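Peer 1: Sharing coords18.cif, mmCIF, C-alpha atoms:
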```cif
data_structure
#
loop_
_atom_site.label_atom_id
_atom_site.label_comp_id
_atom_site.auth_asym_id
_atom_site.auth_seq_id
_atom_site.Cartn_x
_atom_site.Cartn_y
_atom_site.Cartn_z
CA MET W 70 149.23 -186.80 -100.04
CA LYS W 71 145.52 -187.10 -99.61
CA ASN W 72 143.71 -187.77 -102.85
CA TYR W 73 142.02 -184.48 -103.64
CA TYR W 74 141.44 -185.23 -107.29
CA GLU W 75 137.94 -186.58 -107.00
CA GLN W 76 136.84 -183.39 -105.20
CA ILE W 77 138.61 -181.29 -107.80
CA VAL W 78 136.91 -183.13 -110.67
CA ARG W 79 133.50 -182.82 -109.03
CA TYR W 80 134.09 -179.13 -108.49
CA LEU W 81 135.18 -178.55 -112.06
CA ASP W 82 132.29 -180.66 -113.40
CA GLY W 83 129.83 -178.52 -111.42
CA GLN W 84 128.59 -181.41 -109.33
CA PHE W 85 128.80 -179.55 -105.98
CA SER W 86 125.85 -177.88 -104.34
CA LYS W 87 126.19 -174.15 -103.68
CA GLU W 88 127.31 -174.73 -100.09
CA GLU W 89 129.81 -177.44 -101.09
CA GLU W 90 131.19 -175.14 -103.78
CA GLU W 91 131.72 -172.29 -101.30
CA GLU W 92 133.42 -174.59 -98.83
CA PHE W 93 135.73 -175.97 -101.50
CA GLU W 94 136.73 -172.50 -102.66
CA LYS W 95 137.45 -171.50 -99.06
CA SER W 96 139.63 -174.62 -98.66
CA LEU W 97 141.53 -173.69 -101.79
CA LEU W 98 142.65 -170.51 -100.07
CA PHE W 99 143.84 -172.13 -96.82
CA ASP W 100 144.70 -175.77 -97.62
CA ALA W 101 148.16 -175.76 -99.21
CA GLU W 102 147.98 -179.38 -100.27
CA LEU W 103 144.60 -178.93 -101.94
CA LYS W 104 145.87 -175.82 -103.67
CA TYR W 105 148.90 -177.68 -104.99
CA ALA W 106 146.82 -180.63 -106.16
CA TYR W 107 144.35 -178.28 -107.85
CA SER W 108 147.14 -176.46 -109.67
CA GLU W 109 148.74 -179.75 -110.74
CA TYR W 110 145.43 -181.07 -112.02
CA LEU W 111 144.77 -177.96 -114.08
CA LYS W 112 148.25 -177.97 -115.65
CA THR W 113 148.02 -181.67 -116.49
CA MET W 114 144.60 -181.37 -118.03
CA GLU W 115 145.58 -178.24 -119.96
CA LEU W 116 148.44 -180.09 -121.59
CA ILE W 117 146.29 -183.10 -122.39
CA SER W 118 143.39 -181.00 -123.64
CA SER W 119 145.64 -179.13 -126.06
CA THR W 120 145.81 -182.38 -128.05
CA LYS W 121 142.06 -183.00 -128.01
CA LEU W 122 141.33 -181.80 -131.54
CA PRO W 123 144.45 -182.48 -133.57
CA GLU W 124 144.88 -180.99 -137.00
CA ALA W 125 144.82 -183.77 -139.49
CA ARG W 126 144.72 -184.21 -143.25
CA ALA W 127 141.15 -183.73 -144.47
CA ASP W 128 141.68 -185.99 -147.49
CA TYR W 129 142.09 -188.99 -145.18
CA PHE W 130 138.68 -188.49 -143.57
CA ASN W 131 137.04 -187.75 -146.93
CA ASP W 132 138.32 -191.07 -148.16
CA ILE W 133 137.19 -193.33 -145.29
CA VAL W 134 133.61 -194.05 -146.42
CA PRO W 135 134.48 -194.45 -150.15
CA ARG W 136 137.22 -196.95 -149.20
CA PHE W 137 134.76 -198.79 -147.00
CA ARG W 138 132.27 -198.98 -149.86
CA GLN W 139 134.98 -200.30 -152.19
CA SER W 140 135.86 -203.01 -149.67
CA LEU W 141 132.21 -204.11 -149.62
CA ASN W 142 132.27 -204.58 -153.39
CA LYS W 143 135.47 -206.63 -153.45
CA PRO W 144 134.89 -210.32 -154.32
CA VAL W 145 135.55 -212.80 -151.52
CA LYS W 146 138.92 -214.46 -152.01
CA THR W 147 138.73 -218.18 -152.59
CA LEU W 148 141.56 -220.64 -152.84
CA PRO W 149 142.55 -220.94 -156.53
CA PHE W 150 141.48 -224.32 -157.93
CA LYS W 151 144.80 -225.10 -159.61
CA LYS W 152 146.85 -224.38 -156.47
CA ALA W 153 144.47 -226.42 -154.31
CA SER W 154 144.59 -229.36 -156.74
CA PHE W 155 148.38 -229.26 -156.95
CA GLY W 156 148.64 -229.19 -153.18
CA PHE W 157 146.23 -232.11 -152.80
CA ILE W 158 148.07 -234.24 -155.38
CA THR W 159 151.41 -233.50 -153.71
CA ILE W 160 150.07 -234.67 -150.36
CA ILE W 161 148.65 -237.88 -151.89
CA LEU W 162 151.96 -238.64 -153.64
CA PHE W 163 153.86 -238.05 -150.42
CA VAL W 164 151.62 -240.39 -148.43
CA PHE W 165 151.75 -243.03 -151.19
CA SER W 166 155.55 -242.84 -151.36
CA PHE W 167 155.77 -243.22 -147.61
CA PHE W 168 153.77 -246.46 -147.67
CA ILE W 169 155.74 -247.90 -150.58
CA PHE W 170 159.03 -247.09 -148.91
CA ASN W 171 157.85 -248.51 -145.62
CA ASN W 172 156.77 -251.81 -147.21
CA TYR W 173 160.04 -252.08 -149.12
CA ARG W 174 161.96 -251.48 -145.92
CA VAL W 175 159.96 -254.20 -144.13
CA SER W 176 160.39 -256.70 -146.92
CA THR W 177 164.16 -256.27 -147.11
CA ASN W 178 164.66 -256.35 -143.34
CA PRO W 179 166.64 -259.50 -142.54
CA GLU W 180 164.52 -259.94 -139.46
CA ASN W 181 161.38 -260.33 -141.52
CA VAL W 182 162.29 -263.71 -142.92
CA THR W 183 159.82 -265.90 -144.71
CA MET W 184 158.76 -269.42 -143.94
CA GLU W 185 160.86 -270.66 -146.84
CA SER W 186 164.03 -269.08 -145.61
CA ILE W 187 163.66 -270.87 -142.27
CA THR W 188 162.65 -274.28 -143.58
CA GLN W 189 164.67 -274.56 -146.75
CA ASN W 190 167.74 -275.96 -145.02
CA ILE W 191 166.03 -278.29 -142.56
CA SER W 192 166.45 -281.91 -143.46
CA ASP W 193 164.23 -284.90 -142.76
CA GLU W 194 166.87 -286.20 -140.39
CA GLN W 195 166.60 -283.11 -138.27
CA VAL W 196 162.86 -283.48 -138.18
CA ASN W 197 163.19 -287.04 -136.95
CA GLU W 198 165.62 -285.97 -134.32
CA VAL W 199 163.03 -283.63 -132.93
CA ARG W 200 160.43 -286.34 -132.96
CA ASP W 201 162.73 -288.67 -131.09
CA TYR W 202 163.74 -286.11 -128.55
CA LEU W 203 160.23 -285.06 -127.84
CA THR W 204 159.06 -288.66 -127.69
CA ASN W 205 161.75 -289.68 -125.23
CA ASN W 206 161.49 -286.64 -123.08
CA SER W 207 157.84 -285.88 -123.05
CA TRP W 208 154.72 -287.81 -122.28
CA ILE W 209 153.14 -286.21 -125.30
CA MET W 210 153.58 -288.03 -128.54
CA PRO W 211 154.22 -285.58 -131.29
CA SER W 212 151.82 -287.38 -133.50
CA GLU W 213 150.44 -285.98 -136.65
CA ASP W 214 147.18 -285.18 -134.91
CA ILE W 215 148.81 -283.20 -132.16
CA ILE W 216 150.91 -281.21 -134.54
CA THR W 217 147.89 -280.47 -136.67
CA GLN W 218 146.11 -279.42 -133.54
CA VAL W 219 149.00 -277.19 -132.57
CA VAL W 220 148.69 -275.10 -135.64
CA ASN W 221 144.95 -274.69 -135.32
CA GLU W 222 143.99 -271.46 -133.81
CA ASP W 223 142.01 -272.90 -130.94
CA TYR W 224 144.66 -275.33 -129.77
CA PHE W 225 147.82 -273.54 -130.44
CA ASN W 226 149.95 -274.03 -127.32
CA ILE W 227 153.61 -274.74 -127.53
CA ASP W 228 153.79 -275.51 -123.82
CA GLY W 229 151.30 -278.36 -124.33
CA ILE W 230 153.80 -280.13 -126.56
CA ILE W 231 156.89 -279.75 -124.47
CA GLN W 232 155.59 -280.05 -120.94
CA ASN W 233 158.47 -282.14 -119.68
CA VAL W 234 161.11 -280.32 -121.57
CA SER W 235 162.67 -277.22 -120.09
CA ASP W 236 161.47 -274.04 -121.65
CA GLU W 237 164.85 -273.23 -123.04
CA GLU W 238 165.41 -276.66 -124.59
CA GLY W 239 161.94 -276.82 -125.87
CA TYR W 240 161.97 -273.46 -127.44
CA ASN W 241 165.40 -274.06 -128.94
CA ILE W 242 164.27 -277.29 -130.52
CA LEU W 243 161.11 -275.84 -131.80
CA ASN W 244 162.94 -272.84 -133.00
CA ASP W 245 165.26 -274.96 -135.10
CA TYR W 246 163.13 -277.81 -136.32
CA GLN W 247 159.48 -277.41 -135.75
CA ILE W 248 158.65 -275.51 -138.84
CA ASN W 249 159.50 -278.33 -141.14
CA ASN W 250 157.68 -280.77 -138.94
CA ILE W 251 154.56 -278.75 -138.77
CA GLU W 252 154.77 -278.01 -142.41
CA SER W 253 154.45 -281.66 -143.25
CA PHE W 254 151.16 -282.05 -141.53
CA ALA W 255 149.48 -278.70 -141.57
CA GLY W 256 147.79 -276.93 -144.41
CA GLU W 257 149.20 -273.75 -145.86
CA GLU W 258 146.79 -271.51 -144.04
CA ASN W 259 147.43 -273.07 -140.67
CA LEU W 260 151.10 -272.98 -141.34
CA GLN W 261 151.02 -269.25 -141.87
CA GLN W 262 149.08 -268.85 -138.66
CA ALA W 263 151.55 -270.97 -136.75
CA TYR W 264 154.41 -268.99 -138.14
CA GLU W 265 152.86 -265.73 -137.01
CA GLU W 266 152.19 -267.12 -133.56
CA LEU W 267 155.79 -268.25 -133.20
CA LEU W 268 157.00 -264.85 -134.28
CA ALA W 269 154.70 -263.19 -131.77
CA LYS W 270 156.12 -265.35 -128.97
CA SER W 271 159.66 -264.47 -130.07
CA ILE W 272 160.39 -268.12 -130.75
CA LEU W 273 161.40 -267.23 -134.25
CA MET L 671 121.05 -184.86 -148.65
CA THR L 672 121.80 -182.51 -145.75
CA ASP L 673 123.19 -183.82 -142.49
CA THR L 674 120.50 -182.42 -140.14
CA LYS L 675 118.68 -185.66 -139.49
CA SER L 676 119.00 -187.39 -136.14
CA ASP L 677 120.90 -190.67 -135.74
CA SER L 678 117.63 -192.59 -135.31
CA GLN L 679 116.19 -191.10 -138.50
CA LEU L 680 119.27 -192.04 -140.49
CA ILE L 681 119.18 -195.59 -139.13
CA LYS L 682 115.50 -195.97 -139.99
CA GLU L 683 116.19 -194.72 -143.50
CA PHE L 684 119.09 -197.11 -143.88
CA ILE L 685 116.92 -200.02 -142.70
CA SER L 686 114.34 -198.96 -145.32
CA GLY L 687 117.00 -199.35 -148.00
CA ASN L 688 118.56 -195.91 -148.24
CA ASP L 689 122.29 -196.60 -148.44
CA ILE L 690 123.20 -192.93 -148.43
CA ALA L 691 121.80 -192.65 -144.91
CA PHE L 692 124.52 -195.07 -143.78
CA ASN L 693 127.20 -192.95 -145.45
CA LEU L 694 125.95 -189.88 -143.60
CA LEU L 695 125.93 -191.68 -140.28
CA ALA L 696 129.45 -193.01 -140.93
CA LYS L 697 130.75 -189.56 -141.81
CA ARG L 698 129.17 -188.14 -138.66
CA TYR L 699 131.11 -190.54 -136.44
CA GLN L 700 134.24 -191.39 -138.41
CA GLN L 701 136.49 -188.85 -136.68
CA LYS L 702 135.35 -189.86 -133.20
CA ILE L 703 135.95 -193.53 -134.06
CA TYR L 704 139.34 -192.77 -135.57
CA TRP L 705 140.69 -190.63 -132.74
CA HIS L 706 139.47 -192.98 -130.03
CA ALA L 707 141.16 -195.88 -131.82
CA ARG L 708 144.24 -193.76 -132.45
CA ARG L 709 144.63 -192.87 -128.78
CA MET L 710 144.06 -196.46 -127.73
CA THR L 711 146.49 -198.03 -130.21
CA GLY L 712 149.02 -195.23 -130.62
CA ASN L 713 149.36 -195.27 -134.40
CA HIS L 714 147.54 -194.35 -137.58
CA LEU L 715 147.57 -197.72 -139.36
CA ASP L 716 145.97 -199.61 -136.48
CA ALA L 717 143.43 -196.84 -136.02
CA ASP L 718 142.57 -196.96 -139.72
CA GLU L 719 142.06 -200.73 -139.53
CA ILE L 720 139.74 -200.29 -136.57
CA VAL L 721 137.72 -197.61 -138.36
CA GLN L 722 137.08 -199.96 -141.28
CA GLN L 723 136.19 -202.80 -138.92
CA VAL L 724 133.74 -200.60 -136.98
CA LEU L 725 132.07 -199.40 -140.17
CA LEU L 726 131.65 -203.01 -141.29
CA VAL L 727 130.05 -203.98 -137.97
CA MET L 728 127.75 -200.96 -138.17
CA PHE L 729 126.78 -201.84 -141.74
CA ASN L 730 125.96 -205.44 -140.81
CA LYS L 731 124.32 -204.84 -137.44
CA LEU L 732 122.43 -201.57 -137.90
CA LYS L 733 119.51 -203.41 -139.45
CA THR L 734 118.92 -205.17 -136.12
CA PHE L 735 119.66 -202.13 -133.91
CA ASN L 736 116.94 -202.03 -131.25
CA PHE L 737 117.31 -198.36 -130.10
CA GLN L 738 117.63 -199.47 -126.46
CA SER L 739 120.88 -197.57 -126.16
CA SER L 740 121.91 -194.38 -127.88
CA VAL L 741 123.61 -194.79 -131.24
CA TYR L 742 126.82 -193.10 -130.20
CA THR L 743 127.31 -195.28 -127.08
CA TRP L 744 126.70 -198.30 -129.32
CA ILE L 745 129.33 -197.08 -131.78
CA TYR L 746 131.78 -196.31 -128.97
CA LYS L 747 131.21 -199.80 -127.56
CA ILE L 748 132.15 -201.37 -130.90
CA THR L 749 135.17 -199.08 -131.27
CA SER L 750 136.33 -199.77 -127.73
CA THR L 751 135.97 -203.55 -128.12
CA ARG L 752 137.80 -203.58 -131.45
CA SER L 753 140.60 -201.43 -130.05
CA LEU L 754 141.12 -203.69 -127.04
CA ASN L 755 141.02 -206.77 -129.30
CA LEU L 756 143.66 -205.32 -131.58
CA LEU L 757 145.88 -204.42 -128.63
CA ARG L 758 145.58 -208.00 -127.34
CA ARG L 759 146.37 -209.40 -130.78
CA ASN L 760 149.42 -207.14 -131.14
CA LYS L 761 150.63 -208.19 -127.70
CA VAL L 762 150.44 -211.89 -128.62
CA ARG L 763 152.20 -211.21 -131.93
CA SER L 764 154.98 -209.32 -130.19
CA LEU L 765 155.62 -212.32 -127.92
CA PHE L 766 156.28 -214.57 -130.91
CA SER L 767 157.97 -212.29 -133.39
CA ILE L 768 161.21 -210.40 -133.52
CA GLU L 769 161.10 -206.61 -133.43
CA ASP L 770 159.59 -205.45 -136.68
CA LYS L 771 161.51 -202.31 -137.56
CA ALA L 772 160.01 -202.11 -141.03
CA GLY L 773 156.51 -202.34 -139.61
CA GLU L 774 157.24 -199.69 -137.01
CA ASN L 775 158.63 -197.33 -139.66
CA LEU L 776 155.56 -197.88 -141.80
CA LYS L 777 153.36 -196.91 -138.86
CA ILE L 778 155.34 -193.71 -138.31
CA GLU L 779 155.45 -192.69 -141.99
CA ASN L 780 151.73 -193.21 -142.53
CA ASP L 781 150.48 -190.43 -140.30
CA ILE L 782 147.83 -187.88 -140.95
CA ILE L 783 148.63 -185.29 -138.28
CA SER L 784 149.70 -182.02 -139.82
CA GLY L 785 152.02 -179.40 -138.27
CA LEU L 786 155.33 -180.45 -136.76
CA GLU L 787 154.82 -178.85 -133.33
CA ASN L 788 151.32 -180.29 -133.12
CA LYS L 789 152.63 -183.69 -134.10
CA GLU L 790 155.38 -183.72 -131.44
CA LYS L 791 153.00 -182.74 -128.66
CA ILE L 792 150.42 -185.33 -129.66
CA GLU L 793 153.06 -188.04 -129.96
CA LYS L 794 154.37 -187.19 -126.50
CA ILE L 795 150.92 -187.51 -124.92
CA GLN L 796 150.36 -190.66 -127.00
CA GLN L 797 153.52 -192.23 -125.60
CA PHE L 798 152.34 -191.44 -122.07
CA LEU L 799 148.92 -192.92 -122.76
CA LEU L 800 150.46 -196.13 -124.06
CA LYS L 801 152.28 -196.57 -120.74
CA ILE L 802 148.97 -196.77 -118.89
CA PRO L 803 147.20 -200.18 -118.73
CA ALA L 804 144.69 -200.53 -121.58
CA LYS L 805 141.54 -200.52 -119.45
CA GLN L 806 142.61 -197.43 -117.49
CA ARG L 807 143.60 -195.76 -120.76
CA GLU L 808 140.20 -196.55 -122.21
CA VAL L 809 138.37 -194.81 -119.34
CA PHE L 810 140.69 -191.81 -119.44
CA ILE L 811 140.21 -191.37 -123.18
CA LEU L 812 136.42 -191.78 -123.02
CA ARG L 813 136.22 -189.26 -120.16
CA ASN L 814 138.69 -186.63 -121.25
CA PHE L 815 138.90 -186.83 -125.00
CA ASP L 816 135.49 -188.22 -125.90
CA GLU L 817 133.85 -186.22 -123.07
CA LEU L 818 131.46 -188.93 -121.99
CA SER L 819 129.88 -189.14 -118.54
CA TYR L 820 130.67 -191.98 -116.15
CA ASP L 821 127.19 -193.40 -116.75
CA GLU L 822 127.78 -193.50 -120.49
CA ILE L 823 131.23 -195.04 -120.00
CA SER L 824 129.66 -197.63 -117.69
CA GLU L 825 127.23 -198.54 -120.47
CA ILE L 826 130.09 -198.85 -122.96
CA THR L 827 132.53 -200.81 -120.82
CA GLY L 828 130.13 -202.74 -118.60
CA ARG L 829 132.01 -201.64 -115.48
CA SER L 830 130.56 -199.87 -112.43
CA VAL L 831 130.90 -196.10 -112.01
CA GLY L 832 133.01 -196.64 -108.88
CA ALA L 833 135.45 -198.86 -110.74
CA LEU L 834 135.59 -196.38 -113.61
CA LYS L 835 136.41 -193.50 -111.27
CA ALA L 836 139.17 -195.56 -109.71
CA ASN L 837 140.52 -196.37 -113.19
CA TYR L 838 140.34 -192.72 -114.16
CA PHE L 839 142.29 -191.42 -111.17
CA HIS L 840 144.91 -194.14 -111.47
CA ALA L 841 145.38 -193.13 -115.10
CA PHE L 842 145.53 -189.47 -114.18
CA ASN L 843 148.15 -190.03 -111.47
CA LYS L 844 150.26 -192.11 -113.82
CA LEU L 845 150.06 -189.47 -116.56
CA LYS L 846 150.94 -186.74 -114.12
CA GLU L 847 154.03 -188.61 -112.93
CA LEU L 848 155.14 -189.27 -116.51
CA MET L 849 154.79 -185.59 -117.37
CA LYS L 850 156.74 -184.59 -114.26
CA ASN L 851 159.53 -186.98 -115.18
CA GLU L 852 159.69 -185.40 -118.63
CA LYS L 853 159.65 -181.99 -116.98
CA LEU L 854 156.48 -180.99 -118.75
CA LEU L 855 154.88 -180.03 -115.45
#
```
Since I need it in another form, could you write the structure as structure tokens?

Peer 2:
Amino acid sequence: MKNYYEQIVRYLDGQFSKEEEEEFEKSLLFDAELKYAYSEYLKTMELISSTKLPEARADYFNDIVPRFRQSLNKPVKTLPFKKASFGFITIILFVFSFFIFNNYRVSTNPENVTMESITQNISDEQVNEVRDYLTNNSWIMPSEDIITQVVNEDYFNIDGIIQNVSDEEGYNILNDYQINNIESFAGEENLQQAYEELLAKSIL
Amino acid sequence: MTDTKSDSQLIKEFISGNDIAFNLLAKRYQQKIYWHARRMTGNHLDADEIVQQVLLVMFNKLKTFNFQSSVYTWIYKITSTRSLNLLRRNKVRSLFSIEDKAGENLKIENDIISGLENKEKIEKIQQFLLKIPAKQREVFILRNFDELSYDEISEITGRSVGALKANYFHAFNKLKELMKNEKLL
């Protein structure tokens, strides 16, 4: 069906000129579709318009502005100090507990062994064995100087010591005996550094 | 104070410090604001919330009102924006929450329409209006219920007259079909 509604609305709104109005009214008589659309439009709008001015409780409308004024005078809600403090302390305690627990867990993990636990059972004989092995099998003499150098930050290089030893042998030897050896010649600070380096390289 | 002063006069008095002028202006427009919001949202509680929001905006912004538009189109613009915002907010809420039967009952119980027959008819039309897309509904309400011209609606919504007419006739056709299906036509 052709959309007649715009014409109908313009006609009802009085937007037609006199000639347009006369032509429209003539069409209403002879154009069945226009007549039907016009009738439909009027019925629809009549039903809708009957709800234009609903009856409503007057007390509600009388109360709107006073309620608005009351809302303007209400104090702005702020977070109560006690509740905020309690919440803050709870969060701090939770975070603190987490760190304590985490450190405890790390310290009791069997994987996080200390220098002492590795070296306590290594004998002097075993240290000498390493010296001999490395001396016989490598062109590098595991002298005191070299070992001291090894644990210094700038020179730390396990491969430099065991160049002619296979990686697996070398690492196994160092894994078992080196700590005690290094310990004899290196200071405490360097020792700690060496230990951390060996851990990082998964030698320990 | 009698309510014979023009909107501009009341605003000027309010800007000068006369609070009662604001009350008069609010009372003049409160029903229009309420019913527009009611038809847009479909229930009394949402409409009431919008009325309070619109009054707050008016209270805060009237002091900087520049009289470039008429007061009532300015008020309708605020009402229309707040209504659409609330509809959007309710839509997002409905996506994330289960059906709130208690809330729905509260909305039905808190109604101000008097007369049972009146109430049923209005609710029927309201249900039909809610089935039309919000922007088409807005134009239909502003045109038919608020009796504004297309030029005024264009100023309120920011849309062209052509687009508004298209919205209007789409809304009308949809309403007509809904009424036919319910055998009201």

Peer 1: Listing only residues of chain L within 9 Å of chain W, what is the closest atom pair and its distance in Å (to one decimal) for each, using only C-alpha atoms, sorted by chain and residue number ascending, as CSV?

Peer 2:
```
residue,atom,partner,partner_atom,distance
L:Asn693,CA,W:Val134,CA,6.6
L:Ala696,CA,W:Val134,CA,7.0
L:Lys697,CA,W:Val134,CA,7.0
L:Gln700,CA,W:Phe130,CA,7.4
L:Gln701,CA,W:Phe130,CA,7.2
L:Trp705,CA,W:Leu122,CA,8.9
L:Asp718,CA,W:Ile133,CA,8.6
L:Val721,CA,W:Ile133,CA,8.2
L:Gln722,CA,W:Phe137,CA,6.3
L:Leu725,CA,W:Phe137,CA,7.4
L:Leu726,CA,W:Phe137,CA,7.8
L:Asp781,CA,W:Ala125,CA,8.8
L:Ile782,CA,W:Ala125,CA,5.3
L:Ile783,CA,W:Ala125,CA,4.3
L:Ser784,CA,W:Ala125,CA,5.2
L:Gly785,CA,W:Glu124,CA,7.4
L:Asn788,CA,W:Pro123,CA,7.2
L:Lys789,CA,W:Pro123,CA,8.3
L:Lys791,CA,W:Thr120,CA,7.2
L:Ile792,CA,W:Thr120,CA,5.7
L:Ile795,CA,W:Ile117,CA,6.9
L:Asn814,CA,W:Ser118,CA,7.7
L:Phe815,CA,W:Lys121,CA,5.8
L:Asp816,CA,W:Lys121,CA,8.7
L:Lys835,CA,W:Glu75,CA,8.3
L:Phe839,CA,W:Tyr74,CA,7.4
L:Phe842,CA,W:Thr113,CA,8.5
L:Leu845,CA,W:Thr113,CA,8.1
L:Lys846,CA,W:Thr113,CA,6.3
L:Met849,CA,W:Thr113,CA,7.9
L:Leu854,CA,W:Leu116,CA,8.6
L:Leu855,CA,W:Lys112,CA,6.9
```

Peer 1: Which is closest to Thr751 of chain L among L:Ser678, L:Gln806, L:Thr711, L:Thr827, if we use all atoms listed in the file?

Peer 2: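 Nearest to Thr751 of chain L: L:Thr827.
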
Peer 1: Would you compute the distance between atom CA of Lys143 of chain W and atom CA of Asn736 of chain L? Give it in Å to one decimal.

Peer 2: 29.3 Å

Peer 1: Please compute the atom CA of Ile811 of chain L-atom CA of Arg709 of chain L distance, one decimal, in Å.

Peer 2: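 Separating atom CA of Ile811 of chain L from atom CA of Arg709 of chain L is a distance of 7.3 Å.
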
Peer 1: Pick the closest to Leu754 of chain L from L:Lys731, L:His706, L:Lys794, L:Lys801: which is it, counting all atoms listed in the file?

Peer 2: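 Closest candidate: L:His706.
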
Peer 1: I'd like the residues picked by the PyMOL selection byres ((chain W and resi 77) around 9) written out as a count of residues only, using the chain letters and numbers from the file.

Peer 2: 14

Peer 1: Env of Lys682 of chain L: 10 Å cut, atoms = only C-alpha atoms, seq-sep filter 5 positions within chain, self excluded. Answer as a PyMOL selection string.

Peer 2: chain L and resi 677+687-688+691-692+732-733+735

Peer 1: Work out how far atom CA of Phe684 of chain L is from atom CA of Ile823 of chain L, in Å to one decimal.

Peer 2: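 Separation between atom CA of Ile823 of chain L and atom CA of Phe684 of chain L: 26.9 Å.
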
Peer 1: Find the spatial neighbours of segment 756-764 of chain L, counting all atoms listed in the file, within a cut-off of 10 Å - ignore same-chain residues fewer than 5 positions away - and output them as a list of chain:residue names.

Peer 2: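 Those residues are L:Ala707, L:Met710, L:Thr711, L:Gly712, L:Asp716, L:Ala717, L:Glu719, L:Ile720, L:Ser750, L:Thr751, L:Glu769, L:Asp770, L:Ala804.
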
Peer 1: Residues at most 9 Å from Ile748 of chain L, counting all atoms listed in the file, excluding those fewer than 4 positions away in the same chain, as a PyMOL selection string?

Peer 2: chain L and resi 724+727-728+743-744+752-753+826

Peer 1: How would the residues just picked look written out with C-alpha atoms as a PDB file, in the frame of the given file?

Peer 2:
```
ATOM      1  CA  VAL L 724     133.740-200.600-136.980  1.00  0.00           C
ATOM      2  CA  VAL L 727     130.050-203.980-137.970  1.00  0.00           C
ATOM      3  CA  MET L 728     127.750-200.960-138.170  1.00  0.00           C
ATOM      4  CA  THR L 743     127.310-195.280-127.080  1.00  0.00           C
ATOM      5  CA  TRP L 744     126.700-198.300-129.320  1.00  0.00           C
ATOM      6  CA  ARG L 752     137.800-203.580-131.450  1.00  0.00           C
ATOM      7  CA  SER L 753     140.600-201.430-130.050  1.00  0.00           C
ATOM      8  CA  ILE L 826     130.090-198.850-122.960  1.00  0.00           C
TER       9      ILE L 826
END
```

Peer 1: Pick out the closest residue to Asp821 of chain L from this set: L:Val809, L:Asn843, L:Ile703, L:Leu695. Count all atoms listed in the file.

Peer 2: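 The closest residue to Asp821 of chain L is L:Val809.
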
Peer 1: Choose the residue, out of L:Glu825, L:Glu847, L:Lys853, L:Ile685, that has the smallest atom-to-atom separation from Ser739 of chain L; count only C-alpha atoms.

Peer 2: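 Among the listed residues, the smallest separation from Ser739 of chain L belongs to L:Glu825.
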
Peer 1: Missing atoms in segment 685-696 of chain L: fill them in up to N, CA and C atoms and send the result as a compact mmCIF listing (two decimals), in the frame of the given file.

Peer 2:
```txt
# COMPACT_ATOMS: atom_id res chain seq x y z
N ILE L 685 117.64 -198.75 -142.80
CA ILE L 685 116.92 -200.02 -142.70
C ILE L 685 115.90 -200.13 -143.83
N SER L 686 115.34 -198.97 -144.23
CA SER L 686 114.34 -198.96 -145.32
C SER L 686 114.99 -199.15 -146.70
N GLY L 687 116.33 -199.10 -146.73
CA GLY L 687 117.00 -199.35 -148.00
C GLY L 687 117.78 -198.18 -148.54
N ASN L 688 117.84 -197.10 -147.78
CA ASN L 688 118.56 -195.91 -148.24
C ASN L 688 120.02 -196.00 -147.80
N ASP L 689 120.88 -196.41 -148.74
CA ASP L 689 122.29 -196.60 -148.44
C ASP L 689 123.02 -195.30 -148.09
N ILE L 690 122.54 -194.22 -148.66
CA ILE L 690 123.20 -192.93 -148.43
C ILE L 690 123.08 -192.52 -146.97
N ALA L 691 122.00 -192.94 -146.34
CA ALA L 691 121.80 -192.65 -144.91
C ALA L 691 122.95 -193.25 -144.09
N PHE L 692 123.39 -194.44 -144.49
CA PHE L 692 124.52 -195.07 -143.78
C PHE L 692 125.78 -194.22 -143.96
N ASN L 693 126.01 -193.77 -145.19
CA ASN L 693 127.20 -192.95 -145.45
C ASN L 693 127.22 -191.71 -144.57
N LEU L 694 126.04 -191.09 -144.42
CA LEU L 694 125.95 -189.88 -143.60
C LEU L 694 126.26 -190.18 -142.14
N LEU L 695 125.70 -191.28 -141.67
CA LEU L 695 125.93 -191.68 -140.28
C LEU L 695 127.42 -191.98 -140.06
N ALA L 696 128.02 -192.66 -141.03
CA ALA L 696 129.45 -193.01 -140.93
C ALA L 696 130.31 -191.75 -140.89
```
